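Undergrad: The structure's right below; bear with me while I get my questions together.
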Amino acid sequence: MVNKVTKAIFPVAGLGTRFLPATKSIPKEIMTLVDRPLIQYAIDEAREAGITDFIFVTARGKSALEDYFDSNPELEKTLARKGKTELLEQLRDTDMESGAIAYIRQREARGLGHAVWCARRLVSANEPFAVLLPDDVIAGRVGCLKQMVEAYQEVGGNMVAAMEVDPERVSNYGVIDPSDSDGRMIAAKGMVEKPSQHDAPSNLAVIGRYILRPEVFASLEKQKAGAGGEVQLTDAICAQIGKGAPVTGYLFEGERYDCGSKAGYLQATVAFGLARPELHDEFREYIEALTSLLRAAE
Ligand code: UTP
């Protein structure tokens with residue numbers, strides 16, 4: 001019997017250098033897609049999957065993120081007084097129950113693996129936990145983490161979200177060395193972080209959703225910096241292979257946007273803007289006019 005997944009770690013302590021100068025003072029995770037910060041999409045996905053305990057690994061300069069999850073009684077009172085019930089409801093939808101969020105500091109940005117390790121004392125032995133990277137935004141009928149949690153009940157062990165990428169782009173990702181596959185599940189016999197196209201064992205990239213067993217903390221504890229001089233989560237998960245708990249890649253259904261990169265963020269903005277009923281017509285008209293202008297200029 002696999003234990004229920006109720007805890008999630010959100011590593012948000014990265015420097016976000018690809019979005020400088022904005023990230024000098026704005027945490028990347030607070031940047032908005034239409035009107036919701038990236039972190040809200042990740043929280044909503046986690047809630048849909050049954051997560052009740054949220055652990056944020058933060059750092060210096062991220063206080064806007066903590067403020068975002070605080071209540072704002074003054075704003076609520078004003079909206080109520082003005083009868084803006086719809087806005088008030090939207091605001092309340094983002095409320096987090098007292099005690100549901102814990103903040104842990106990563107003192108130095110030493111990589112994703114190190115950020116996850118910083119939360120080790122908040123996870124009990126034998127308790128599987130999720131990790132969500134808010135800069136990977138995944139749109140789909142059913143949230144990616146919910147899909148994974150359901151599949152996880154069958155296989156347990158460690159699970160990573162996976163998707164096929166253009167072979168020329170594998171060097172941007174952790175890549176799975178597959179041994180077997182069954183529908184959406186891929187058994188991994190290895191994993192490599194940011195391989196060259198030539199050395200990549202497949203084009204199955206690891207995306208920022210994980211369900212892990214706490215044994216991964218012991219591997220992270222021992223681990224030296226890997227690719228890019230950072231402590232890599234992929235390496236610690238890979239170290240679990242052959243130790244009794246399988247590592248499974250889950251080919252999720254949905255569209256993933258890499259909002260940690262400028263191009264991915266802009267694509268997501270367009271896609272999420274078009275998906276909003278109240279914006280769709282006006283936005284579509286604009287995009288169509290822009291497209292014909294671009295065509296005419298070619
Ligand atoms: P990225 O690799 O996107 O790094 O981190 P980054 O620092 O956020 O952005 P760039 O590359 O400088 O532009 C992936 C996830 O891991 C977190 C980030 O906050 C992001 O959610 N992370 C990364 C940490 O929490 N700590 C770290 O030391 C590194």
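Going by the structure tokens order, chains are called A, B, ..., each with residues numbered from 1, while ligands are numbered from 1 in the order shown.
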Quick one: residues within 10 Å of ligand 1, with only C-alpha atoms and all ligand atoms, as JSON, numbers by chain?
TA: {"A": [9, 10, 11, 12, 13, 14, 15, 16, 17, 18, 19, 20, 23, 27, 28, 29, 39, 56, 57, 58, 59, 105, 106, 107, 108, 109, 110, 111, 112, 113, 114, 115, 116, 118, 131, 132, 133, 134, 135, 136, 172, 173, 208, 228, 230, 231, 232, 233, 258, 259, 260, 261, 262]}
Undergrad: With C-alpha atoms kept, could you save the residues just selected as a PDB file, in the first residue's frame?
TA:
ATOM      1  CA  ILE A   9       7.899  21.278  -1.796  1.00  0.00           C
ATOM      2  CA  PHE A  10       8.077  24.379  -4.004  1.00  0.00           C
ATOM      3  CA  PRO A  11      11.707  25.364  -4.577  1.00  0.00           C
ATOM      4  CA  VAL A  12      11.574  29.103  -5.252  1.00  0.00           C
ATOM      5  CA  ALA A  13      15.026  30.179  -4.126  1.00  0.00           C
ATOM      6  CA  GLY A  14      16.681  30.380  -7.559  1.00  0.00           C
ATOM      7  CA  LEU A  15      18.263  33.618  -8.733  1.00  0.00           C
ATOM      8  CA  GLY A  16      16.187  33.801 -11.920  1.00  0.00           C
ATOM      9  CA  THR A  17      19.093  35.311 -13.849  1.00  0.00           C
ATOM     10  CA  ARG A  18      17.379  34.816 -17.204  1.00  0.00           C
ATOM     11  CA  PHE A  19      14.865  37.471 -16.188  1.00  0.00           C
ATOM     12  CA  LEU A  20      17.282  40.110 -14.987  1.00  0.00           C
ATOM     13  CA  THR A  23      14.341  39.595 -10.906  1.00  0.00           C
ATOM     14  CA  PRO A  27      10.770  36.974  -7.613  1.00  0.00           C
ATOM     15  CA  LYS A  28      10.349  35.079 -10.883  1.00  0.00           C
ATOM     16  CA  GLU A  29       7.513  33.066  -9.316  1.00  0.00           C
ATOM     17  CA  ILE A  39       3.162  30.298  -8.132  1.00  0.00           C
ATOM     18  CA  PHE A  56       8.317  26.870   0.131  1.00  0.00           C
ATOM     19  CA  VAL A  57      12.071  26.918  -0.093  1.00  0.00           C
ATOM     20  CA  THR A  58      12.751  30.630  -0.395  1.00  0.00           C
ATOM     21  CA  ALA A  59      15.718  32.971  -0.192  1.00  0.00           C
ATOM     22  CA  ARG A 105      15.388  29.378   3.659  1.00  0.00           C
ATOM     23  CA  GLN A 106      18.066  28.254   1.260  1.00  0.00           C
ATOM     24  CA  ARG A 107      20.985  30.407   2.325  1.00  0.00           C
ATOM     25  CA  GLU A 108      22.867  30.101  -0.924  1.00  0.00           C
ATOM     26  CA  ALA A 109      21.576  29.180  -4.404  1.00  0.00           C
ATOM     27  CA  ARG A 110      23.448  25.888  -4.713  1.00  0.00           C
ATOM     28  CA  GLY A 111      21.028  24.229  -7.084  1.00  0.00           C
ATOM     29  CA  LEU A 112      17.623  22.574  -7.159  1.00  0.00           C
ATOM     30  CA  GLY A 113      18.837  19.435  -5.360  1.00  0.00           C
ATOM     31  CA  HIS A 114      20.213  21.514  -2.510  1.00  0.00           C
ATOM     32  CA  ALA A 115      16.960  23.526  -2.309  1.00  0.00           C
ATOM     33  CA  VAL A 116      14.927  20.317  -1.937  1.00  0.00           C
ATOM     34  CA  CYS A 118      16.795  22.180   2.729  1.00  0.00           C
ATOM     35  CA  VAL A 131       8.106  18.690  -5.751  1.00  0.00           C
ATOM     36  CA  LEU A 132       6.724  21.323  -8.129  1.00  0.00           C
ATOM     37  CA  LEU A 133       8.817  23.864 -10.004  1.00  0.00           C
ATOM     38  CA  PRO A 134       6.503  26.827 -10.560  1.00  0.00           C
ATOM     39  CA  ASP A 135       8.341  27.994 -13.660  1.00  0.00           C
ATOM     40  CA  ASP A 136       7.118  24.875 -15.476  1.00  0.00           C
ATOM     41  CA  ASN A 172      18.560  21.740 -21.446  1.00  0.00           C
ATOM     42  CA  TYR A 173      17.041  18.901 -19.412  1.00  0.00           C
ATOM     43  CA  GLY A 208       9.428  20.033 -13.031  1.00  0.00           C
ATOM     44  CA  GLY A 228      26.621  23.528 -13.940  1.00  0.00           C
ATOM     45  CA  GLU A 230      24.932  22.838  -8.835  1.00  0.00           C
ATOM     46  CA  VAL A 231      23.599  20.041  -6.636  1.00  0.00           C
ATOM     47  CA  GLN A 232      21.335  18.270  -9.100  1.00  0.00           C
ATOM     48  CA  LEU A 233      18.066  16.643  -8.061  1.00  0.00           C
ATOM     49  CA  ASP A 258       8.937  26.772 -19.729  1.00  0.00           C
ATOM     50  CA  CYS A 259       8.215  30.067 -18.000  1.00  0.00           C
ATOM     51  CA  GLY A 260      11.796  30.184 -16.709  1.00  0.00           C
ATOM     52  CA  SER A 261      12.820  31.212 -20.245  1.00  0.00           C
ATOM     53  CA  LYS A 262      11.706  34.388 -21.970  1.00  0.00           C
TER      54      LYS A 262
END
Undergrad: Name the residues of stretch 37-173 of chain A that fall into strand (DSSP E) according to DSSP on the backbone, using the chain letters and numbers of this document, as a tab-separated table (two decimals) with N, CA, C and O atoms, in the first residue's frame.
TA:
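See out.tsv below for the written result:
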chain	number	residue	atom	x	y	z
A	37	PRO	N	-0.08	35.03	-10.59
A	37	PRO	CA	1.35	34.73	-10.56
A	37	PRO	C	1.64	33.25	-10.85
A	37	PRO	O	0.79	32.40	-10.58
A	53	ASP	N	-0.28	20.26	2.53
A	53	ASP	CA	0.84	20.92	3.21
A	53	ASP	C	1.82	21.45	2.15
A	53	ASP	O	2.30	20.67	1.32
A	54	PHE	N	2.09	22.75	2.23
A	54	PHE	CA	2.88	23.41	1.19
A	54	PHE	C	4.18	23.93	1.80
A	54	PHE	O	4.14	24.72	2.75
A	55	ILE	N	5.31	23.50	1.27
A	55	ILE	CA	6.59	23.94	1.81
A	55	ILE	C	7.32	24.77	0.74
A	55	ILE	O	7.58	24.26	-0.36
A	56	PHE	N	7.61	26.01	1.08
A	56	PHE	CA	8.32	26.87	0.13
A	56	PHE	C	9.76	26.99	0.55
A	56	PHE	O	10.05	27.33	1.69
A	57	VAL	N	10.66	26.69	-0.38
A	57	VAL	CA	12.07	26.92	-0.09
A	57	VAL	C	12.41	28.26	-0.72
A	57	VAL	O	12.45	28.39	-1.95
A	58	THR	N	12.58	29.27	0.12
A	58	THR	CA	12.75	30.63	-0.40
A	58	THR	C	14.17	31.13	-0.11
A	58	THR	O	15.02	30.39	0.36
A	101	ILE	N	1.13	26.56	5.10
A	101	ILE	CA	2.38	26.88	4.41
A	101	ILE	C	3.53	26.96	5.39
A	101	ILE	O	3.41	27.56	6.46
A	102	ALA	N	4.65	26.36	5.01
A	102	ALA	CA	5.88	26.53	5.80
A	102	ALA	C	6.94	27.12	4.88
A	102	ALA	O	6.99	26.79	3.68
A	103	TYR	N	7.73	28.02	5.43
A	103	TYR	CA	8.82	28.62	4.64
A	103	TYR	C	10.16	28.18	5.21
A	103	TYR	O	10.37	28.24	6.42
A	104	ILE	N	11.04	27.75	4.32
A	104	ILE	CA	12.39	27.33	4.72
A	104	ILE	C	13.33	28.16	3.87
A	104	ILE	O	13.04	28.42	2.70
A	105	ARG	N	14.44	28.57	4.44
A	105	ARG	CA	15.39	29.38	3.66
A	105	ARG	C	16.51	28.53	3.08
A	105	ARG	O	17.07	27.69	3.77
A	129	PHE	N	6.61	12.61	-1.04
A	129	PHE	CA	6.27	14.03	-1.15
A	129	PHE	C	6.41	14.47	-2.60
A	129	PHE	O	7.16	13.86	-3.37
A	130	ALA	N	5.68	15.54	-2.94
A	130	ALA	CA	5.77	16.05	-4.31
A	130	ALA	C	6.73	17.23	-4.36
A	130	ALA	O	6.96	17.90	-3.34
A	131	VAL	N	7.32	17.48	-5.51
A	131	VAL	CA	8.11	18.69	-5.75
A	131	VAL	C	7.53	19.33	-7.01
A	131	VAL	O	7.34	18.63	-8.02
A	132	LEU	N	7.23	20.61	-6.93
A	132	LEU	CA	6.72	21.32	-8.13
A	132	LEU	C	7.59	22.54	-8.39
A	132	LEU	O	7.82	23.35	-7.48
A	136	ASP	N	7.72	25.77	-14.48
A	136	ASP	CA	7.12	24.87	-15.48
A	136	ASP	C	5.62	24.96	-15.28
A	136	ASP	O	5.08	24.47	-14.28
A	137	VAL	N	4.93	25.61	-16.21
A	137	VAL	CA	3.47	25.72	-16.10
A	137	VAL	C	2.87	24.72	-17.09
A	137	VAL	O	3.27	24.67	-18.25
A	138	ILE	N	1.97	23.89	-16.57
A	138	ILE	CA	1.42	22.83	-17.41
A	138	ILE	C	-0.10	22.99	-17.49
A	138	ILE	O	-0.79	22.97	-16.47
A	139	ALA	N	-0.58	23.21	-18.72
A	139	ALA	CA	-2.03	23.37	-18.92
A	139	ALA	C	-2.60	22.05	-19.41
A	139	ALA	O	-2.00	21.41	-20.28
A	158	ASN	N	9.77	6.31	-6.86
A	158	ASN	CA	10.00	7.72	-7.23
A	158	ASN	C	9.44	7.94	-8.62
A	158	ASN	O	9.63	7.09	-9.49
A	159	MET	N	8.81	9.06	-8.82
A	159	MET	CA	8.20	9.33	-10.14
A	159	MET	C	8.57	10.73	-10.60
A	159	MET	O	8.56	11.67	-9.79
A	160	VAL	N	8.91	10.86	-11.88
A	160	VAL	CA	9.22	12.18	-12.44
A	160	VAL	C	8.30	12.41	-13.64
A	160	VAL	O	7.98	11.47	-14.35
A	161	ALA	N	7.88	13.66	-13.84
A	161	ALA	CA	7.10	13.97	-15.05
A	161	ALA	C	8.05	13.92	-16.24
A	161	ALA	O	9.20	14.35	-16.14
A	162	ALA	N	7.55	13.36	-17.34
A	162	ALA	CA	8.43	13.22	-18.51
A	162	ALA	C	7.71	13.67	-19.77
A	162	ALA	O	6.48	13.58	-19.85
A	163	MET	N	8.49	14.21	-20.71
A	163	MET	CA	7.91	14.51	-22.02
A	163	MET	C	8.99	14.37	-23.10
A	163	MET	O	10.18	14.51	-22.81
A	164	GLU	N	8.52	14.05	-24.29
A	164	GLU	CA	9.47	13.93	-25.40
A	164	GLU	C	9.83	15.33	-25.87
A	164	GLU	O	8.96	16.18	-26.02
Undergrad: What does the distance between atom CA of A:Ala46 and atom CA of A:Phe69 come to in Å, to one decimal place?
TA: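 Pair atom CA of A:Ala46 / atom CA of A:Phe69 returns 15.1 Å.
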Undergrad: Enter the distance from atom CA of A:His198 to atom CA of A:Gln267, in Å, rounded to one decimal.
TA: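 Atom CA of A:Gln267 lies 28.5 Å from atom CA of A:His198.
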Undergrad: Counting only C-alpha atoms, figure out which residue out of A:Glu288, A:Asp177, A:Asp35, A:Asp44 gets nearest to A:Val142.
TA: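 Closest to A:Val142 of all the choices is A:Asp44.
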Undergrad: Which is closer to A:Ile186 than all the others in A:Val155, A:Gln147, A:Tyr250, A:Ser171, using only C-alpha atoms?
TA: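 With only C-alpha atoms as the atom set, the closest residue is A:Tyr250.
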Undergrad: Please determine, counting only C-alpha atoms, which residue among A:Ala64, A:Ala200, A:Leu122, A:Ala187 has the shortest atom-to-atom distance to A:Ile26.
TA: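 Looking only at the distances to A:Ile26, the closest residue turns out to be A:Ala64.
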Undergrad: Which one of A:Arg256, A:Lys7, A:Arg60, A:Lys194 sits closest to A:Gly143 if you count only C-alpha atoms?
TA: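 Ranking A:Arg256, A:Lys7, A:Arg60, A:Lys194 by distance to A:Gly143, first place goes to A:Arg256.
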Undergrad: Taking 5 positions as the minimum chain separation for residues in the same chain, which residues sit within 7 Å of stretch 183-185 of chain A when counting only C-alpha atoms? Answer as a compact mmCIF listing (two decimals) with all heavy atoms, in the first residue's frame.
TA:
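Output file result26.txt is given in full below:
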# COMPACT_ATOMS: atom_id res chain seq x y z
N THR A 248 10.22 5.95 -12.03
CA THR A 248 9.33 5.89 -13.19
C THR A 248 9.16 7.28 -13.80
O THR A 248 8.93 8.25 -13.07
CB THR A 248 7.92 5.39 -12.75
OG1 THR A 248 8.08 4.17 -12.03
CG2 THR A 248 7.01 5.16 -13.93
N GLY A 249 9.27 7.36 -15.11
CA GLY A 249 8.95 8.60 -15.82
C GLY A 249 7.47 8.52 -16.19
O GLY A 249 7.01 7.47 -16.65
N TYR A 250 6.73 9.59 -15.98
CA TYR A 250 5.30 9.59 -16.32
C TYR A 250 5.06 10.58 -17.45
O TYR A 250 5.28 11.79 -17.28
CB TYR A 250 4.45 9.94 -15.09
CG TYR A 250 2.98 9.89 -15.41
CD1 TYR A 250 2.32 8.67 -15.42
CD2 TYR A 250 2.28 11.03 -15.77
CE1 TYR A 250 0.97 8.60 -15.77
CE2 TYR A 250 0.94 10.97 -16.12
CZ TYR A 250 0.29 9.75 -16.12
OH TYR A 250 -1.02 9.67 -16.47
N LEU A 251 4.62 10.04 -18.59
CA LEU A 251 4.34 10.90 -19.76
C LEU A 251 2.99 11.57 -19.54
O LEU A 251 1.95 10.96 -19.80
CB LEU A 251 4.29 10.05 -21.03
CG LEU A 251 5.63 9.57 -21.59
CD1 LEU A 251 5.42 8.54 -22.67
CD2 LEU A 251 6.44 10.76 -22.14
Undergrad: With only C-alpha atoms as the counted atoms, please give the residues lying no more than 12 Å from A:Asn72, apart from itself and same-chain residues fewer than 5 positions off, as an MDAnalysis selection string.
TA: chainID A and resid 67 77:79 88 91:92 94:96
Undergrad: Save the residues we just selected, N, CA and C atoms, as a short mmCIF file (atom, residue, chain, number, x, y, z; two decimals), in the first residue's frame?
TA:
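Wrote it out as result-v8.cif, contents follow:
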data_model
loop_
_atom_site.label_atom_id
_atom_site.label_comp_id
_atom_site.auth_asym_id
_atom_site.auth_seq_id
_atom_site.Cartn_x
_atom_site.Cartn_y
_atom_site.Cartn_z
N ASP A 67 4.35 37.66 1.07
CA ASP A 67 3.24 38.61 1.19
C ASP A 67 2.05 38.16 0.34
N LYS A 77 -12.05 44.25 2.65
CA LYS A 77 -13.11 45.12 3.17
C LYS A 77 -13.56 46.10 2.08
N THR A 78 -12.60 46.70 1.39
CA THR A 78 -12.92 47.67 0.34
C THR A 78 -13.74 47.01 -0.76
N LEU A 79 -13.31 45.80 -1.20
CA LEU A 79 -14.05 45.13 -2.27
C LEU A 79 -15.47 44.80 -1.82
N LEU A 88 -13.80 39.65 -5.04
CA LEU A 88 -13.62 39.18 -3.68
C LEU A 88 -13.51 37.65 -3.67
N LEU A 91 -10.23 36.54 -4.98
CA LEU A 91 -9.20 36.75 -3.96
C LEU A 91 -9.25 35.64 -2.92
N ARG A 92 -10.46 35.29 -2.51
CA ARG A 92 -10.62 34.25 -1.47
C ARG A 92 -10.21 32.88 -1.97
N THR A 94 -7.70 32.24 -3.52
CA THR A 94 -6.24 32.10 -3.38
C THR A 94 -5.84 32.03 -1.90
N ASP A 95 -6.81 32.12 -1.00
CA ASP A 95 -6.49 32.07 0.43
C ASP A 95 -5.88 30.73 0.81
N MET A 96 -4.90 30.78 1.70
CA MET A 96 -4.31 29.54 2.21
C MET A 96 -4.66 29.47 3.68
#
Undergrad: May I ask for the distance between atom CA of A:Ala42 and atom CA of A:Cys144, given in Å to one decimal place?
TA: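 Result for atom CA of A:Ala42 versus atom CA of A:Cys144: 10.0 Å, one decimal.
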Undergrad: For a quick check of understanding, using only C-alpha atoms, which of A:Ala80, A:Ala8, A:Ala119, A:Ile30 has the smallest distance to A:Thr52?
TA: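 Closest to A:Thr52, using only C-alpha atoms: A:Ala8.
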Undergrad: Select, from A:Arg120, A:Lys146, A:Arg169, A:Arg295, the residue with the minimum atom-to-atom distance to A:Ser219, counting only C-alpha atoms.
TA: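 Counting only C-alpha atoms, the residue closest to A:Ser219 is A:Arg120.
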Undergrad: Near A:Cys238, counting only C-alpha atoms, which residues have an atom at most 9 Å away, once you skip same-chain residues fewer than 3 positions from it, shown as number ranges by chain?
TA: A: 188-192, 233-235, 241, 247
Undergrad: Can you spit out the residues from that selection as a PDB file, in the first residue's frame, using all heavy atoms?
TA:
ATOM      1  N   ALA A 188      12.837   3.689 -15.532  1.00  0.00           N
ATOM      2  CA  ALA A 188      14.153   4.278 -15.833  1.00  0.00           C
ATOM      3  C   ALA A 188      15.260   3.373 -15.305  1.00  0.00           C
ATOM      4  O   ALA A 188      15.177   2.879 -14.183  1.00  0.00           O
ATOM      5  CB  ALA A 188      14.255   5.662 -15.196  1.00  0.00           C
ATOM      6  N   LYS A 189      16.290   3.167 -16.145  1.00  0.00           N
ATOM      7  CA  LYS A 189      17.462   2.457 -15.626  1.00  0.00           C
ATOM      8  C   LYS A 189      18.604   3.435 -15.382  1.00  0.00           C
ATOM      9  O   LYS A 189      19.668   3.078 -14.895  1.00  0.00           O
ATOM     10  CB  LYS A 189      17.874   1.302 -16.540  1.00  0.00           C
ATOM     11  CG  LYS A 189      18.328   1.652 -17.954  1.00  0.00           C
ATOM     12  CD  LYS A 189      18.838   0.363 -18.608  1.00  0.00           C
ATOM     13  CE  LYS A 189      19.549   0.528 -19.918  1.00  0.00           C
ATOM     14  NZ  LYS A 189      18.730   0.883 -21.057  1.00  0.00           N
ATOM     15  N   GLY A 190      18.377   4.676 -15.718  1.00  0.00           N
ATOM     16  CA  GLY A 190      19.359   5.725 -15.464  1.00  0.00           C
ATOM     17  C   GLY A 190      18.769   7.077 -15.793  1.00  0.00           C
ATOM     18  O   GLY A 190      17.674   7.176 -16.369  1.00  0.00           O
ATOM     19  N   MET A 191      19.471   8.128 -15.388  1.00  0.00           N
ATOM     20  CA  MET A 191      19.063   9.496 -15.724  1.00  0.00           C
ATOM     21  C   MET A 191      20.324  10.345 -15.825  1.00  0.00           C
ATOM     22  O   MET A 191      21.246  10.157 -15.031  1.00  0.00           O
ATOM     23  CB  MET A 191      18.172  10.080 -14.616  1.00  0.00           C
ATOM     24  CG  MET A 191      16.708   9.740 -14.768  1.00  0.00           C
ATOM     25  SD  MET A 191      15.810   9.916 -13.254  1.00  0.00           S
ATOM     26  CE  MET A 191      15.729  11.626 -13.085  1.00  0.00           C
ATOM     27  N   VAL A 192      20.363  11.248 -16.785  1.00  0.00           N
ATOM     28  CA  VAL A 192      21.535  12.105 -16.956  1.00  0.00           C
ATOM     29  C   VAL A 192      21.080  13.555 -16.994  1.00  0.00           C
ATOM     30  O   VAL A 192      20.120  13.878 -17.691  1.00  0.00           O
ATOM     31  CB  VAL A 192      22.254  11.834 -18.311  1.00  0.00           C
ATOM     32  CG1 VAL A 192      23.670  12.388 -18.310  1.00  0.00           C
ATOM     33  CG2 VAL A 192      22.228  10.375 -18.678  1.00  0.00           C
ATOM     34  N   LEU A 233      19.094  17.571  -8.552  1.00  0.00           N
ATOM     35  CA  LEU A 233      18.066  16.643  -8.061  1.00  0.00           C
ATOM     36  C   LEU A 233      18.071  15.364  -8.900  1.00  0.00           C
ATOM     37  O   LEU A 233      17.918  14.262  -8.384  1.00  0.00           O
ATOM     38  CB  LEU A 233      16.691  17.332  -8.110  1.00  0.00           C
ATOM     39  CG  LEU A 233      15.511  16.554  -7.545  1.00  0.00           C
ATOM     40  CD1 LEU A 233      15.731  16.207  -6.072  1.00  0.00           C
ATOM     41  CD2 LEU A 233      14.220  17.342  -7.693  1.00  0.00           C
ATOM     42  N   THR A 234      18.254  15.527 -10.206  1.00  0.00           N
ATOM     43  CA  THR A 234      18.264  14.364 -11.110  1.00  0.00           C
ATOM     44  C   THR A 234      19.286  13.327 -10.652  1.00  0.00           C
ATOM     45  O   THR A 234      18.994  12.130 -10.643  1.00  0.00           O
ATOM     46  CB  THR A 234      18.648  14.819 -12.548  1.00  0.00           C
ATOM     47  OG1 THR A 234      17.824  15.914 -12.897  1.00  0.00           O
ATOM     48  CG2 THR A 234      18.497  13.715 -13.552  1.00  0.00           C
ATOM     49  N   ASP A 235      20.478  13.779 -10.251  1.00  0.00           N
ATOM     50  CA  ASP A 235      21.524  12.827  -9.847  1.00  0.00           C
ATOM     51  C   ASP A 235      21.078  12.046  -8.609  1.00  0.00           C
ATOM     52  O   ASP A 235      21.322  10.847  -8.499  1.00  0.00           O
ATOM     53  CB  ASP A 235      22.841  13.561  -9.544  1.00  0.00           C
ATOM     54  CG  ASP A 235      23.403  14.244 -10.788  1.00  0.00           C
ATOM     55  OD1 ASP A 235      22.939  13.912 -11.899  1.00  0.00           O
ATOM     56  OD2 ASP A 235      24.303  15.112 -10.657  1.00  0.00           O
ATOM     57  N   ILE A 241      17.996   4.369  -8.163  1.00  0.00           N
ATOM     58  CA  ILE A 241      17.705   3.233  -9.054  1.00  0.00           C
ATOM     59  C   ILE A 241      18.481   2.007  -8.571  1.00  0.00           C
ATOM     60  O   ILE A 241      19.667   2.101  -8.231  1.00  0.00           O
ATOM     61  CB  ILE A 241      18.064   3.587 -10.527  1.00  0.00           C
ATOM     62  CG1 ILE A 241      17.144   4.714 -10.996  1.00  0.00           C
ATOM     63  CG2 ILE A 241      17.951   2.361 -11.436  1.00  0.00           C
ATOM     64  CD1 ILE A 241      17.469   5.269 -12.367  1.00  0.00           C
ATOM     65  N   VAL A 247      12.251   3.935 -10.245  1.00  0.00           N
ATOM     66  CA  VAL A 247      12.134   5.321 -10.707  1.00  0.00           C
ATOM     67  C   VAL A 247      11.345   5.261 -12.018  1.00  0.00           C
ATOM     68  O   VAL A 247      11.752   4.578 -12.963  1.00  0.00           O
ATOM     69  CB  VAL A 247      13.513   5.982 -10.906  1.00  0.00           C
ATOM     70  CG1 VAL A 247      13.353   7.358 -11.531  1.00  0.00           C
ATOM     71  CG2 VAL A 247      14.266   6.076  -9.582  1.00  0.00           C
TER      72      VAL A 247
END
